[in-house]
Each structure stands twice: as C-alpha cells, then as structure tokens.
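Scroll down for the structure; my scribbles are underneath it.
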Amino acid sequence: MMSELYQNNITTKLAQTILTSLVDISPDHGQTTESILKSFAPAPEFKKGHLAYPCFPLAKTCKKSPVQIAQALAEIVEKNSSNFLASLNAEGPYLNFFFKPDFLGEVLNAINKGLYFNQRLISSDEKWMIEYCQPNTHKVLHVGHMRNLCLGNALIRMCRYSGLDILAATYPGDVGTHVAKCLWYLNKHVEKPWPSENKGEWLGELYVKSNTLLEEEKGTEKEEQNRSELTTILQQLHAGEGEFYDIWRETRDWSLEMMNDVYQWADVEFDRWFYESEVDAPSISYINKLFEQGKLVKDDGAIGLNLEDEKLGFCLLVKSDGTGLYATKDVELARLKFEEFGIDHSIYIVDDRQSHHFKQVFKVLEKLGFEQAKKCFHLPYAMVELPGGGMSSRTGNIITLESLISSMEDKIKSDYLNKHLEDKDSGWTQKEVNTNASLIANAAIKYGMVRVDNNRKIMFDMEEALKLDGETGPYLQYVCARCRSLCEKLNFDKTKDVYWDELQMEQELALMVKLTSFNDVVLSSVNKLQTLHLCSYLYELGKLYNSFYAACPIKNDENEKRKHARMALSHAVGSVMEQGLNILGIKVPSKM
RNA sequence: GCAGCCGUAGCUCAGCUGGAUAGAGUAUUUGACUACGAAUCAAAGGGUCGCAGGUUCGAAUCCUGCCGGCUGCGCCA
C-alpha cells in the first residue's frame with residue numbers, strides 16, 4: 001500500500017487551530033483537519049492574506065451564513081493563534097490569514113540545513129517500474145523524442161525524491177520493417193567506405209532515402225523485386241543468421257551508441273534496457289502456447305482475443321502468416337517485467353495514439369490471469385508538432401535534436417556569453433563558455449518539454465524556442481546563479497541564527513510563504529504524474545525572488561540583522577530552486 | 001459510425017476536488033543599470049472562456065446537445 005507521510009507544519013497548525021475554534025461555533029461542524037486543509041486556498045492578492053479559508057462548506061452544518069461564520073470564527077481563531085499568526089480578518093465569507101515571519105522561518109531553517117529535502121513524502125512497500133523512451137534504431141532522434149525523455153526522466157526523479165522505489169526501463173525498437181528498409185538501402189545503394197563517425201544519424205538519413213526510393217519505385221517493374229528483397233532481409237533477421245543479420249548487429253550498435261550519447265546529454269540512466277528483438281520470438285511462441293491451451297481464439301486464420309464485451313474490439317496477437325504485432329510483444333514484455341522484477345505497478349509513458357492499444361493489452365493480460373494487470377497504467381502525452389504538421393522520421397519532416405542543441409548553444413553564446421570573453425577582467429574561459437552554453441541549452445529544452453500539460457500537444461517553433469526570456473529554464477537557472485553569487489560575495493554565514501521577524505516587506509513574506517509549500521507541490525505532482533505544476537511553482541518562485549531582489553537592497557542594508565535574514569532568504573530560494581530543477585533533470589551552472 | 005484528446009488575450013499556455021475582480025509568458029507601448037548580476041525589474045493596453053441549454057447561493061470548471069481541430073478503432077509499427 002501507498003500512504004502519504006508528509007505534513008506541512010504551517011498549514012496543519014492553522015487547520016488544527018481552526019478545528020478547535022469551530023467547536024465554539026457549532027459542535028456538529030462536521031470538519032476534520034484534512035477537510036480544512038483541502039479547503040485552504042490562496043487569497044486573490046497577497047495583500048489580502050497569505051492564505052484564505054472559504055467558509056461556504058460550513059453553512060449547512062453550522063446553520064449560519066458563510067459571512068456570519070467567518071466573522072465569528074475570526075474572533076475565536078485570533079485568541080488561539082497569537083503565537084503564529086500576525087493577523088487575520090474576515091472578508092465576506094472568507095477568512096484571511098497573515099503568518100508571523102519567525103513561524104515561517106522555522107521551515108526556512110530546515111531548508112537551509114537541507115533537512116527539509118530529506119523527508120520521505122510517501123511510504124510504499126510496492127515496486128514500481130516506469131517504462132519510457134521507446135525510439136527505433138536505424139532512425140534519427142528528433143525533438144519529438146525529447147518530450148517523452150524529459151517527461152519520463154522528471155517523473156522518475158520526482159517519485160524517487162518522494163521516496164518511491166522506482167525502476168527505470170527503456171524499450172528500443174531494434175526490429176521490424178523499418179530496419180529492413182534501412183539495411184536494404186544501405187546494401188544496395190550505398191558504396192563503401194561507410195562513414196567513421198555519427199553513424200547513427202547517418203543510418204537515419206538512409207532510412208528516409210530508402211522510403212523515398214521505395215515510394216518512387218512503387219508501380220514500376222522494380223516493385224516486386226524490392227518487396228522480395230525486403231522479405232529476404234526480414235527472414236534472415238528473424239532466423240538470426242545470414243549476411244543481413246551481421247549487418248544488423250553492426251548497425252544496431254551504431255544506433256544504440258547514438259541513443260547513449262543522447263541519454264548522457266540528458267543525464268538519464270535506465271536500470272533495464274528491454275530490446276524489441278529480445279521479446280520478438282518468445283512472444284510468438286508464448287501466444288501460440290496460450291492458443292493451444294485454449295485461452296485464445298483463432299479468427300480468419302489469426303490468433304487473438306475478443307474484447308467486444310469491453311468495447312475494445314478484437315485484439316490481434318498472431319497474424320495469419322504466423323508473425324506477431326506490437327501487442328504480441330507487449331504481452332510478453334509485461335510478463336517479463338512481472339517475472340524478472342516482481343513489480344507491482346507498471347507505468348508506460350507512450351504517446352496518446354497508443355491509448356487504445358494499451359487498453360487492449362492490459363485487458364488481455366487481465367484475462368490471461370495476471371493480477372498485476374490492474375496496476376498497469378498508460379500515461380499518455382500528446383505529440384510535438386511543427387508548424388507544418390506532425391513530425392515523421394519516415395518522411396524526414398523533423399528537427400533533429402542535434403540541430404536544435406547546436407543552434408541554441410550558438411544563440412546563447414552570441415547573445416549572452418561571448419561578451420564575458422571580450423571582458424578580460426571577467427575571468428571567463430572559452431571552456432567555461434562552452435560548458436555553460438551546453439547547460440543552459442539543456443535547461444531550455446527540458447523545461448520547454450515538461451512545462452505544458454501532458455494532454456496538450458506542443459507546437460514547436462524554432463524561433464520561439466530560441467528566445468530564452470520569460471518562462472524558460474534559463475530564467476530559473478539565472479535565479480539560482482543570483483542567489484549563489486550573492487551569498488558568496490557577501491560571505492553568508494549559515495551557522496548564525498536568523499532573525500526572521502526582520503522580514504516584513506510584502507516581497508519577503510510572499511517568498512517565505514511560497515518556499516514552505518515546495519514539498520506539497522511535489523507530492524501532488526507525484527500523485528497526478530505530471531510536471532506542469534512543479535514548473536509553474538518554480539517559475540512563480542523565481543518571479544517572486546526577482547521582485548524581492550529589485551525591491552530590497554541587501555549589500556547596503558544598514559540593519560545587520562535584516563541583512564543577514566535577507567541573505568538567509570536568498571540561500572533558501574537557491575536551495576529550493578536547485579532541488580526543483582534537479583527533479584526536472586536540470587543542472588545549475590555556477591555562473592551565467 | 002464509435003471512442004479519446006483539444007478549443008481561454010494577436011500568438012503560446014495556466015486556471016486544482018465548482019468560489020473573491022478569469023491569470024502568466026510573448027508581442028506592442030513606456031519607464032529603471034555610477035547599483036547585490038538588466039538572461040532582470042516596474043507599468044499600460046489587450047477577453048462574448050467555441051456555441052446553446054441545464055444543475056445552484058455561485059460555472060472557464062460539473063451534466064446534455066451541437067460546431068471546429070487532432071488522434072485512434074483485426075492481419076502497420
């Protein structure tokens with residue numbers, strides 16, 4: 001079982017106080033700490049309150065109007081909360097609260113000591129696996145693949161931060177007609193010597209050329225010959241021997257190398273690589289065995305399972321020619337996951353076109369008697385599209401990852417970093433410029449991929465993508481770099497006590513309140529398996545910090561206690577931002 | 001035909017289990033570097049929340065029916 005362990009000390013304390021105060025209004029108020037916690041909402045403006053409690057739900061049980069309840073409750077809560085609330089007021093049906101800075105500061109102390117991030121948010125004794133990133137070999141990796149990669153990586157990091165035991169798996173497609181087409185072209189239309197580097201990308205280009213040529217020759221006298229040549233290749237690959245099998249083994253490695261390069265760039269690691277070739281043959285014999293056991297049916301010469309009762313149609317598992325399909329392999333793959341790792345929960349991050357496919361597969365697993373089938377979950381996401389339509393590695397209508405990275409790095413250097421090289425006193429080296437440009441481009445791409453809702457397609461526009469202002473990864477990195485550089489230059493001493501009560505400006509209080517809800521945001525994001533809210537949280541935190549930074553001088557503050565508290569606040573912002581970005585798979589450059 | 005997703009400012013998107021005056025970014029316009037980092041900040045204009053009903057104290061949010069776009073739906077991967 002899974003249970004939530006984390007409790008927010010700030011909001012819990014307030015909820016408990018409201019709960020005890022409610023008894024004086026009506027003994028049968030019907031509320032619990034949890035229900036009150038759920039009701040809390042931000043006030044429309046920070047000036048109105050740090051947190052609001054709408055009294056509508058109390059009207060029925062307390063038999064008074066929400067406005068009357070808010071007024072009555074305000075008086076009672078005020079008496080019980082002098083140690084942690086600075087003030088509160090009833091405005092219409094709402095109760096608005098202002099916290100004392102030193103009460104909020106307790107959480108900030110924990111953040112600055114690192115203790116805040118070491119809490120386990122969730123307890124679960126179950127094993128989880130997330131499968132993501134299923135690119136094909138012999139094709140190019142493009143920005144469309146990045147959405148899956150960045151989303152999966154962020155979710156895994158988020159779950160691990162929360163305390164879940166998660167295995168990361170990838171499932172590359174190293175067999176199928178796309179491989180045969182690529183090898184056909186390579187063998188028939190490409191002269192040796194083959195290139196010595198970037199061979200994975202080169203294969204992807206051959207695949208596009210192969211498709212174009214095969215398409216051109218359709219309807220000509222060559223069509224029949226092409227078809228039989230492709231069949232020969234597929235047969236050799238299936239048999240595991242012959243000239244094409246050897247070429248396959250060599251070229252497959254090129255593609256896997258290319259994938260590994262990208263995963264290294266993305267800072268992604270998988271605990272298990274499941275290859276399509278690994279489950280291909282076993283999947284067919286497994287399905288045939290199930291058919292012989294009478295668990296599957298034959299229809300029009302093909303083996304499958306009728307799921308009409310569930311309104312899922314017929315799930316075809318072995319074609320009439322004896323070969324398998326995606327579903328065939330996915331059944332075998334699921335079985336392998338259950339048996340090899342004993343997992344309880346199996347999550348598949350795959351684009352939303354496969355929704356029907358996974359409904360069928362999970363239903364088949366259930367009918368075959370796999371208990372874990374109920375805990376298989378397809379997490380769909382919408383595709384990345386170009387202004388001219390969807391991306392297709394078959395037609396070559398794509399933007400390769402490599403080209404996106406290099407144009408972004410060039411832009412970062414020319415717009416921002418190269419000026420440091422011209423300034424001799426800045427101390428920047430060319431090497432630092434290169435590594436920082438790489439980290440910043442990395443952040444821009446990752447943040448761009450995880451900041452929108454999973455269900456919404458991403459319209460990828462190169463011009464827009466290259467703008468690094470506003471809500472972007474680099475904006476957040478910049479906040480971190482500012483916090484770090486400030487604490488370093490002013491010699492912030494972490495060990496000294498902080499007088500949080502010195503912080504009374506609206507910008508300061510807003511930041512403090514925001515910081516205390518980081519773990520709440522992460523926890524709810526894990527429960528929803530989405531990254532969107534963490535992104536907007538971090539962006540709001542960044543905006544608040546930049547406002548504070550512009551409004552509150554630190555270096556020249558004559559009030560030494562306040563100066564130190566402001567540095568402590570900056571340090572806490574830097575820590576939370578770094579932790580949040582780390583969950584999104586984004587690293588922070590030491591300077592930028 | 002059936003199913004899923006989407007429709008909110010010129011553009012790209014938030015808006016949580018219904019709640020205070022529907023918010024950001026971008027673009028446009030205007031201010032702020034002898035300053036702790038201007039990749040920043042402060043401000044202005046910009047909306048029939050696709051349309052029409054319904055549910056109720058209250059709907060961008062829930063329900064129903066339409067309209068528009070995308071994606072699936074047995075021998076592709």
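Chain labels A, B, ... are given in the sequence in which chains occur in the structure tokens; within each chain residues are numbered consecutively from 1, and ligands are likewise numbered from 1 in the order shown.
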
Among stretch 235-327 of chain A, which ones does DSSP assign to helix (DSSP H, G or I) (computed from the backbone)? Answer as a PyMOL selection string. chain A and resi 235-239+243-266+276-292+308-310+326-327

Residue hits in chain B, query chain A, radius 12 Å, only C-alpha atoms (C1' of nucleotides), as a ChimeraX atom specification: /B:2-7,11-27,32-33,35-42,57-58,70-77

Surrounding residues of stretch 392-402 of chain A excluding itself and chain neighbours under 5 positions, 7 Å, only C-alpha atoms (C1' of nucleotides), as a ChimeraX atom specification: /A:139-143,208,211

Just C-alpha atoms for this one: save the residues we selected as a tab-separated table (two decimals), in the first residue's frame.
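For reference, out.tsv as written:
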```tsv
chain	number	residue	atom	x	y	z
A	139	LYS	CA	16.11	6.21	-37.38
A	140	VAL	CA	17.07	9.71	-36.23
A	141	LEU	CA	16.29	11.07	-32.80
A	142	HIS	CA	14.35	14.32	-33.06
A	143	VAL	CA	12.78	16.86	-30.75
A	208	VAL	CA	14.46	8.42	-45.16
A	211	ASN	CA	11.40	5.24	-48.01
```

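Atom pair atom CA of A:Glu75 / atom CA of A:Thr20 has a distance of 12.9 Å (rounded to one decimal).
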
Got a sec: who's within 12 Å of B:C67, counting only C-alpha atoms (C1' of nucleotides), leaving out chain neighbours fewer than 4 positions off, as an NGL selection string? :B and (7 or 50-52)

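Atom CA of A:Ser438 is found 9.1 Å from atom CA of A:Trp265.
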
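Rounded to one decimal, atom CA of A:Ile111 and atom CA of A:Pro589 lie 20.7 Å from each other.
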